[in-house]
Every structure is written in C-alpha cells, then in structure tokens.
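K.L.:
One file is attached below, entry17.txt, containing compact mmCIF, C-alpha atoms.
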# COMPACT_ATOMS: atom_id res chain seq x y z
CA MET S 1 70.25 22.43 85.78
CA GLU S 2 66.68 22.50 87.12
CA THR S 3 64.16 24.79 85.43
CA ASP S 4 63.66 27.02 88.47
CA GLN S 5 67.42 27.72 88.54
CA LEU S 6 67.68 29.02 84.95
CA PRO S 7 68.83 32.67 84.88
CA ASP S 8 67.47 35.21 82.40
CA ALA S 9 70.26 34.65 79.87
CA LEU S 10 69.98 35.71 76.24
CA LEU S 11 72.27 34.08 73.66
CA LEU S 12 72.94 36.04 70.46
CA VAL S 13 74.38 34.08 67.52
CA ASP S 14 75.60 35.87 64.34
CA ASP S 15 78.72 35.62 62.23
CA GLU S 16 78.82 39.40 61.78
CA VAL S 17 80.59 41.08 64.70
CA ASN S 18 78.98 44.46 64.07
CA ILE S 19 75.49 42.99 64.29
CA LEU S 20 76.38 41.24 67.54
CA ARG S 21 77.59 44.54 68.97
CA SER S 22 74.41 46.35 67.91
CA LEU S 23 72.20 43.67 69.38
CA THR S 24 74.21 43.60 72.60
CA ARG S 25 73.79 47.36 73.05
CA LEU S 26 70.07 47.08 72.35
CA PHE S 27 69.36 44.32 74.85
CA ARG S 28 71.77 45.34 77.59
CA ARG S 29 69.37 48.01 78.85
CA GLU S 30 66.74 45.28 79.38
CA GLY S 31 68.83 43.75 82.15
CA TYR S 32 69.40 40.38 80.50
CA ARG S 33 72.66 38.48 80.92
CA ILE S 34 73.91 38.50 77.33
CA LEU S 35 76.05 35.79 75.77
CA THR S 36 77.36 36.02 72.18
CA ALA S 37 78.60 33.53 69.61
CA ASN S 38 80.07 34.09 66.12
CA SER S 39 78.92 30.75 64.73
CA ALA S 40 76.32 28.06 65.27
CA GLN S 41 78.92 25.66 66.65
CA GLU S 42 80.17 28.30 69.09
CA GLY S 43 76.56 28.80 70.16
CA LEU S 44 76.20 25.07 70.84
CA ASP S 45 79.44 25.10 72.82
CA ILE S 46 78.14 27.94 75.00
CA LEU S 47 74.84 26.14 75.56
CA ALA S 48 76.76 23.10 76.78
CA GLN S 49 78.24 25.24 79.56
CA GLU S 50 75.66 27.97 80.25
CA PRO S 51 71.92 27.78 81.01
CA VAL S 52 70.07 29.99 78.51
CA ALA S 53 66.45 31.08 78.41
CA VAL S 54 66.20 32.70 74.95
CA ILE S 55 68.30 32.38 71.77
CA LEU S 56 68.27 34.87 68.91
CA SER S 57 70.23 33.59 65.92
CA ASP S 58 71.01 34.64 62.36
CA GLN S 59 69.92 32.15 59.69
CA ARG S 60 72.81 32.35 57.18
CA MET S 61 76.13 31.44 58.80
CA PRO S 62 79.14 29.46 57.55
CA GLY S 63 79.16 25.76 58.34
CA MET S 64 75.76 25.47 60.01
CA THR S 65 72.65 27.59 59.50
CA GLY S 66 70.58 28.96 62.33
CA SER S 67 67.66 26.59 61.61
CA GLU S 68 70.03 23.60 61.59
CA MET S 69 71.49 24.71 64.89
CA PHE S 70 68.01 25.13 66.37
CA LYS S 71 67.08 21.56 65.50
CA GLU S 72 70.04 20.47 67.61
CA VAL S 73 69.09 22.91 70.37
CA LYS S 74 65.50 21.67 70.43
CA SER S 75 66.73 18.12 70.97
CA ARG S 76 69.25 19.00 73.69
CA TYR S 77 67.65 22.03 75.39
CA PRO S 78 63.91 21.90 74.69
CA ASP S 79 63.04 24.55 77.31
CA THR S 80 64.84 27.33 75.45
CA ILE S 81 62.80 29.82 73.39
CA ARG S 82 64.36 30.07 69.92
CA LEU S 83 64.02 33.00 67.47
CA ILE S 84 65.67 33.20 64.09
CA MET S 85 66.46 36.36 62.11
CA SER S 86 67.48 36.72 58.48
CA GLY S 87 67.70 39.26 55.71
CA TYR S 88 66.80 36.56 53.21
CA THR S 89 63.44 34.90 52.62
CA GLU S 90 64.62 31.29 52.79
CA LEU S 91 61.10 30.00 53.18
CA GLU S 92 61.75 26.28 52.72
CA SER S 93 64.40 25.82 55.44
CA ILE S 94 62.82 28.25 57.90
CA THR S 95 59.28 26.92 57.39
CA SER S 96 60.60 23.41 57.99
CA ALA S 97 62.27 24.49 61.21
CA ILE S 98 59.10 26.25 62.40
CA ASN S 99 56.95 23.22 61.57
CA ASP S 100 59.36 20.97 63.46
CA GLY S 101 59.01 23.18 66.51
CA ALA S 102 62.67 24.16 66.42
CA VAL S 103 61.91 27.85 65.86
CA TYR S 104 59.43 29.90 67.90
CA LYS S 105 59.43 32.95 65.64
CA PHE S 106 61.06 34.15 62.43
CA LEU S 107 62.16 37.83 62.24
CA LEU S 108 63.40 39.82 59.28
CA LYS S 109 66.52 41.96 58.99
CA PRO S 110 66.86 44.87 59.17
CA TRP S 111 64.91 45.07 62.42
CA GLU S 112 63.07 47.81 64.24
CA ASP S 113 64.51 48.15 67.73
CA GLU S 114 61.22 48.46 69.60
CA LYS S 115 59.60 45.57 67.75
CA LEU S 116 62.62 43.37 68.29
CA LEU S 117 62.69 44.25 71.99
CA GLN S 118 59.03 43.35 72.23
CA HIS S 119 59.63 39.97 70.58
CA ILE S 120 62.42 39.16 73.02
CA ARG S 121 60.36 40.31 76.03
CA GLU S 122 57.57 38.03 74.86
CA ALA S 123 60.03 35.14 74.49
CA PHE S 124 61.25 35.62 78.06
CA SER S 125 57.65 35.77 79.30
CA ILE S 126 56.91 32.47 77.59
CA HIS S 127 60.06 30.93 79.07
CA GLU S 128 59.08 32.11 82.55
CA LEU S 129 55.60 30.66 82.11
CA LYS S 130 57.07 27.34 81.01
CA SER S 131 59.42 27.41 84.01
CA LYS S 132 56.54 28.07 86.41
CA ASN S 133 54.52 25.25 84.86
CA ALA S 134 57.48 22.91 85.23
CA ARG S 135 57.87 23.88 88.89
CA LEU S 136 54.15 23.37 89.51
CA ASN S 137 54.28 19.97 87.82
CA GLU S 138 57.19 18.94 90.00
CA GLN S 139 55.36 20.15 93.11
CA LEU S 140 52.26 18.26 92.01
CA LYS S 141 54.30 15.08 91.47
CA GLU S 142 55.79 15.43 94.96
CA LEU S 143 52.35 16.02 96.52
CA ASN S 144 51.00 12.96 94.69
CA ARG S 145 53.97 10.92 95.88
CA GLN S 146 53.39 12.03 99.48
CA LEU S 147 49.67 11.32 99.17
CA GLU S 148 50.30 7.83 97.78
CA GLN S 149 52.75 7.16 100.60
CA LYS S 150 50.23 8.39 103.18
CA VAL S 151 47.46 6.24 101.69
CA GLU S 152 49.78 3.23 101.66
CA GLU S 153 50.68 3.83 105.32
CA GLN S 154 47.02 4.20 106.26
CA ASN S 155 46.07 1.05 104.34
CA LEU S 156 48.81 -0.87 106.16
CA GLU S 157 47.63 0.52 109.49
CA LEU S 158 44.04 -0.46 108.63
CA ILE S 159 45.09 -4.00 107.72
CA LEU S 160 47.00 -4.35 111.00
CA ASN S 161 44.05 -2.97 112.96
CA VAL S 162 41.63 -5.38 111.28
CA ARG S 163 43.93 -8.32 112.01
CA SER S 164 44.34 -7.15 115.59
CA LEU S 165 40.55 -6.81 115.98
CA ARG S 166 39.95 -10.29 114.60
CA ALA S 167 42.59 -11.76 116.89
CA SER S 168 41.11 -9.91 119.88
CA GLN S 169 37.62 -11.21 119.07
CA GLU S 170 38.91 -14.77 118.80
CA ILE S 171 40.76 -14.46 122.12
CA LEU S 172 37.68 -12.94 123.79
CA GLU S 173 35.45 -15.69 122.43
CA HIS S 174 37.64 -18.45 123.88
CA LEU S 175 38.37 -16.92 127.27
CA PRO S 176 37.21 -19.19 130.15
CA VAL S 177 35.87 -16.08 131.90
CA ALA S 178 32.37 -14.77 131.05
CA ILE S 179 32.71 -11.33 129.47
CA VAL S 180 29.99 -8.87 128.47
CA GLY S 181 30.76 -5.56 126.72
CA VAL S 182 28.34 -2.67 127.17
CA SER S 183 28.16 0.62 125.26
CA ASP S 184 27.81 3.97 127.00
CA ASP S 185 24.04 3.90 126.57
CA GLY S 186 23.73 0.57 128.42
CA MET S 187 23.33 -1.68 125.39
CA ILE S 188 25.08 -5.03 125.34
CA VAL S 189 27.37 -5.05 122.29
CA GLU S 190 29.68 -8.01 122.95
CA VAL S 191 29.16 -11.41 124.57
CA ASN S 192 31.67 -14.25 124.58
CA ALA S 193 30.94 -17.99 124.65
CA ALA S 194 31.44 -18.29 128.44
CA ALA S 195 28.89 -15.48 129.04
CA ARG S 196 26.35 -17.11 126.73
CA GLY S 197 26.83 -20.38 128.61
CA LEU S 198 26.27 -18.67 131.95
CA LEU S 199 23.40 -16.37 131.00
CA GLY S 200 21.71 -18.65 128.51
CA GLU S 201 21.32 -18.57 124.76
CA GLY S 202 18.46 -16.10 125.14
CA LEU S 203 21.03 -13.37 125.80
CA GLN S 204 21.31 -11.30 122.64
CA VAL S 205 23.52 -8.44 121.53
CA GLY S 206 21.30 -5.36 121.46
CA MET S 207 19.63 -6.03 124.81
CA PHE S 208 20.18 -3.67 127.74
CA VAL S 209 21.89 -4.33 131.07
CA MET S 210 18.67 -3.77 133.05
CA GLN S 211 16.93 -6.46 130.95
CA VAL S 212 19.55 -9.13 131.61
CA PHE S 213 21.09 -8.66 135.06
CA PRO S 214 19.63 -8.47 138.60
CA GLU S 215 18.85 -5.06 140.06
CA ASN S 216 21.94 -4.94 142.30
CA VAL S 217 24.14 -5.63 139.26
CA PHE S 218 22.40 -2.84 137.33
CA HIS S 219 23.03 -0.40 140.18
CA SER S 220 26.71 -1.45 140.33
CA TYR S 221 26.90 -0.97 136.56
CA MET S 222 25.51 2.58 136.91
CA GLU S 223 28.07 3.23 139.67
CA ALA S 224 30.86 2.09 137.35
CA VAL S 225 29.55 4.32 134.54
CA LYS S 226 29.73 7.36 136.84
CA SER S 227 33.18 6.45 138.20
CA SER S 228 36.57 7.36 136.73
CA VAL S 229 37.84 5.40 133.76
CA GLY S 230 39.79 2.39 134.98
CA GLU S 231 38.13 2.17 138.40
CA VAL S 232 36.78 -1.34 139.15
CA VAL S 233 33.39 -1.84 140.83
CA GLN S 234 32.80 -5.26 142.42
CA VAL S 235 29.47 -6.90 143.15
CA ALA S 236 28.27 -10.39 144.15
CA ALA S 237 25.20 -11.72 142.36
CA THR S 238 23.43 -14.91 141.40
CA ILE S 239 23.74 -15.29 137.64
CA GLY S 240 22.23 -18.26 135.86
CA GLY S 241 21.64 -19.97 139.19
CA GLN S 242 25.32 -19.62 140.14
CA SER S 243 26.90 -17.46 142.82
CA THR S 244 29.05 -15.07 140.81
CA HIS S 245 31.60 -12.44 141.65
CA MET S 246 31.41 -9.60 139.09
CA LEU S 247 34.04 -7.04 138.17
CA ILE S 248 32.70 -3.99 136.32
CA LYS S 249 35.08 -1.50 134.75
CA ARG S 250 34.51 1.50 132.50
CA PHE S 251 37.05 1.99 129.69
CA SER S 252 38.02 4.44 126.99
CA GLY S 253 40.20 2.90 124.31
CA ASN S 254 41.48 3.36 120.77
CA PHE S 255 39.33 4.53 117.83
CA ASN S 256 37.39 6.88 120.17
CA VAL S 257 35.52 3.88 121.63
CA SER S 258 34.35 3.88 125.25
CA GLY S 259 32.06 1.65 127.29
CA THR S 260 31.98 -0.82 130.15
CA VAL S 261 33.27 -4.37 130.46
CA MET S 262 31.66 -6.84 132.88
CA ALA S 263 33.58 -9.95 133.91
CA MET S 264 31.81 -12.77 135.81
CA LEU S 265 33.80 -15.18 137.94
CA SER S 266 32.41 -18.17 139.83
CA ALA S 267 32.24 -17.33 143.54
CA GLU S 268 33.45 -20.85 144.26
CA GLY S 269 36.62 -20.23 142.16
In structure tokens, write the structure found in this file.
P.N.:
Amino acid sequence: METDQLPDALLLVDDEVNILRSLTRLFRREGYRILTANSAQEGLDILAQEPVAVILSDQRMPGMTGSEMFKEVKSRYPDTIRLIMSGYTELESITSAINDGAVYKFLLKPWEDEKLLQHIREAFSIHELKSKNARLNEQLKELNRQLEQKVEEQNLELILNVRSLRASQEILEHLPVAIVGVSDDGMIVEVNAAARGLLGEGLQVGMFVMQVFPENVFHSYMEAVKSSVGEVVQVAATIGGQSTHMLIKRFSGNFNVSGTVMAMLSAEG
C-alpha cells in the first residue's frame, strides 16, 4: 500500500492479555485504530494483512522477543515507527536492536499513562512526517520525469526545426528565381545565388533596399510593407541591365519572424 494511504493504525503486541486491555483503553481515547497481538508471530501475521503506522511491543515474549520481531519488521515494513517496552533491563539485546535501527525508542514498565501517550503521539507525528516526505519525493520524481520529457520533446522539435531551416536554405539557394529577403526595417537579410547573379556580387547582406534597388522598386517595397500580410505588390524595373518583373510580398511566419520577400522574374520569361 502506498505511504499516503496508510491509516493511523497502532499495533499493540504483548503476551499478557491484561496489559493489552489496559493499553487498548489508554489509547482508544486518542482516536487511533488499535490492533492487538498476543505474540510476536501474531503481530507479524497482522502486519502482513494490515497497514500499520506505529507498533508498541513487549520485549519478553515466548518464541520470539520484541527486538527480534522488530528486526523482521524493519526489513519488511521500514516505514513503521517501532517502540519496545519491558520491565527488564535487557541492555544487550535492546541496545543491539536500537543500534540496528529496528527500535525507535525503548520504554520501561510499569509506565506512566501521560508519558506513554506522549511517546506514541510523537511516534505518529514522525510517521506522518515520513509519509509527507515520501509523498513529496514521489511528486518531485513525477515533476522531474515530466520536465525531462518536455525537454526531450523540445530538443526533438529544435532538431527538426534546424533540419527544416537548413533544407529551406538549400532549396532557396538553388531556386532558379532571384529571391531577396528583407527585414521589417528594410535591411537585406537573405540573398540566393540567382539574386547575386542578377544584382552582382557587390550585393551584400546588411545593405538596405534603397541602396540596392531603383527608386520605383523602393516605393513598391514601401507599399508592400504598409499592405496586409500576404498581399502581393507587382512592379516592373530594370535590374542588372535586364527588364525584370518583381513580386513583393510581406509575410509573418513561424518563430515570430516577419519581413518582406522580393522575387525577380525576367520580363522576357
């Protein structure tokens, strides 16, 4: 069962029925769901069927001691908080269990009700804190998984976009039509091989439309800039000593890029 589903169950383990009854009466007013076992093995059997937050066990019991049981419990149900109680000072076995992490706290019999209640309240608080930490860790793992998936998707999208851009540049470069790309501020930012052949090798990216084209072309370009996106402005001009029919179109595309594309066709064609 997942940590955030564990109920506030308290398991009491003692071979003396009268002690179990006394403890049950004491803890019932705290609102815990109380489970009882008369032996360590019975306690293990209950744990195999019931989720338990805190276990309070006697140390001396026939067959299996409380500290021996807790070593098993630690291995199988590490999230439980385990307290052991005894009227005997069996330091060696109990110290070993505490050092191994099998026992959270050792309590002496006879007990004082209020002190014992406080110990159990503290144990439940620790269990709740551990449960919250486990839930937060699971949430963090899920967020990391989602983030990794998102990054992977974005990386794939970036790779595809780069490949698409390279392919588009290659296609543009080899088009038989002269193409010039212009940014919104009038700067030439793209020139293909056909445009360089028509306008001359002196044409450089970074120059402005008014520096390269005749005045009537510049005015048509300004008309296209002011027109709606997608509207085509046509103009006839002599470019590189050739009669040319120009198509000028403003665009707004992907990646928040906008500008103007100028296509030059031979008037004879």
K.L.:
Counting all atoms listed in the file, find the residues whose atoms lie at most 12 Å from (60.1, 39.7, 70.0) (file coordinates) and write them out as a PyMOL selection string.
P.N.:
chain S and resi 27+54-56+81-85+104-108+111-126
K.L.:
Identify which of the residues S:Asn38, S:Ser75, S:Thr260, S:Ser266 lies closest to S:Glu223, counting only C-alpha atoms when measuring atom-to-atom distances.
P.N.:
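Of S:Asn38, S:Ser75, S:Thr260, S:Ser266, the one nearest S:Glu223 is S:Thr260, counting only C-alpha atoms.
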K.L.:
For stretch 191-196 of chain S, please output as a list in words all residues within 8 Å (counting all atoms listed in the file; exclusion window: fewer than 6 positions along the same chain).
P.N.:
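The residues satisfying every condition are Leu172, Glu173, His174, Leu175, Pro176, Val177, Ala178, Ile179, Val180, Gly181, Leu203, Val205 and Met264 of chain S.
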K.L.:
Name the residues, using the chain letters and numbers of the file, that sit within 10 Å of (70.7, 24.3, 67.5) when counting all atoms listed in the file, and give them as a list in words.
P.N.:
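Those residues, ordered by chain and then number, are Ala40, Gln41, Gly43, Leu44, Leu47, Ile55, Ser57, Met64, Thr65, Gly66, Ser67, Glu68, Met69, Phe70, Lys71, Glu72, Val73, Lys74, Ser75, Arg76, Tyr77, Arg82, Ala102 and Val103 of chain S.
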K.L.:
Set the distance at 7 Å and use all atoms listed in the file: which residues neighbour stretch 234-237 of chain S once local chain neighbours fewer than 5 positions away are removed? I'd like the list as an MDAnalysis selection string.
P.N.:
chainID S and resid 217 220 243:248
K.L.:
Rounded to one decimal place, report the atom CA of S:Gly259-atom CA of S:Phe213 distance in Å.
P.N.:
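So the two atoms, atom CA of S:Gly259 and atom CA of S:Phe213, lie 16.9 Å apart.
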K.L.:
Might you pull out every residue within 8 Å of S:Ser39, with only C-alpha atoms counted and same-chain residues fewer than 4 positions away left off, and present them as a PDB file with C-alpha atoms, keeping the file's coordinate frame?
P.N.:
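Generated file (part17.pdb):
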ATOM      1  CA  VAL S  13      74.380  34.080  67.520  1.00  0.00           C
ATOM      2  CA  ASP S  14      75.600  35.870  64.340  1.00  0.00           C
ATOM      3  CA  ASP S  15      78.720  35.620  62.230  1.00  0.00           C
ATOM      4  CA  GLY S  43      76.560  28.800  70.160  1.00  0.00           C
ATOM      5  CA  MET S  61      76.130  31.440  58.800  1.00  0.00           C
ATOM      6  CA  PRO S  62      79.140  29.460  57.550  1.00  0.00           C
ATOM      7  CA  MET S  64      75.760  25.470  60.010  1.00  0.00           C
TER       8      MET S  64
END
K.L.:
With only C-alpha atoms as the atoms that count, which of S:Leu23, S:Asn133, S:Glu30, S:Gln169 lies nearest to S:Lys109?
P.N.:
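Of all the options, S:Leu23 lies closest to S:Lys109.
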K.L.:
Pick from S:Thr36, S:Asn161, S:Ser86, S:Asp79: nearest to S:Ala134, with all atoms listed in the file counted?
P.N.:
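Among the listed residues, S:Asp79 lies closest to S:Ala134.
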K.L.:
How far is it from atom CA of S:Gly230 to atom CA of S:Val257, in Å with one decimal?
P.N.:
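According to the coordinates, atom CA of S:Gly230 and atom CA of S:Val257 are separated by 14.1 Å.
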K.L.:
Interatomic distance between atom CA of S:Ile19 and atom CA of S:Val52?
P.N.:
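Interatomic distance, atom CA of S:Ile19 to atom CA of S:Val52: 20.0 Å.
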K.L.:
Determine the nearest neighbour of S:Ile34 from the options S:Leu265, S:Leu12, S:Val17, S:Ala48, counting all atoms listed in the file.
P.N.:
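The closest residue to S:Ile34 is S:Leu12.
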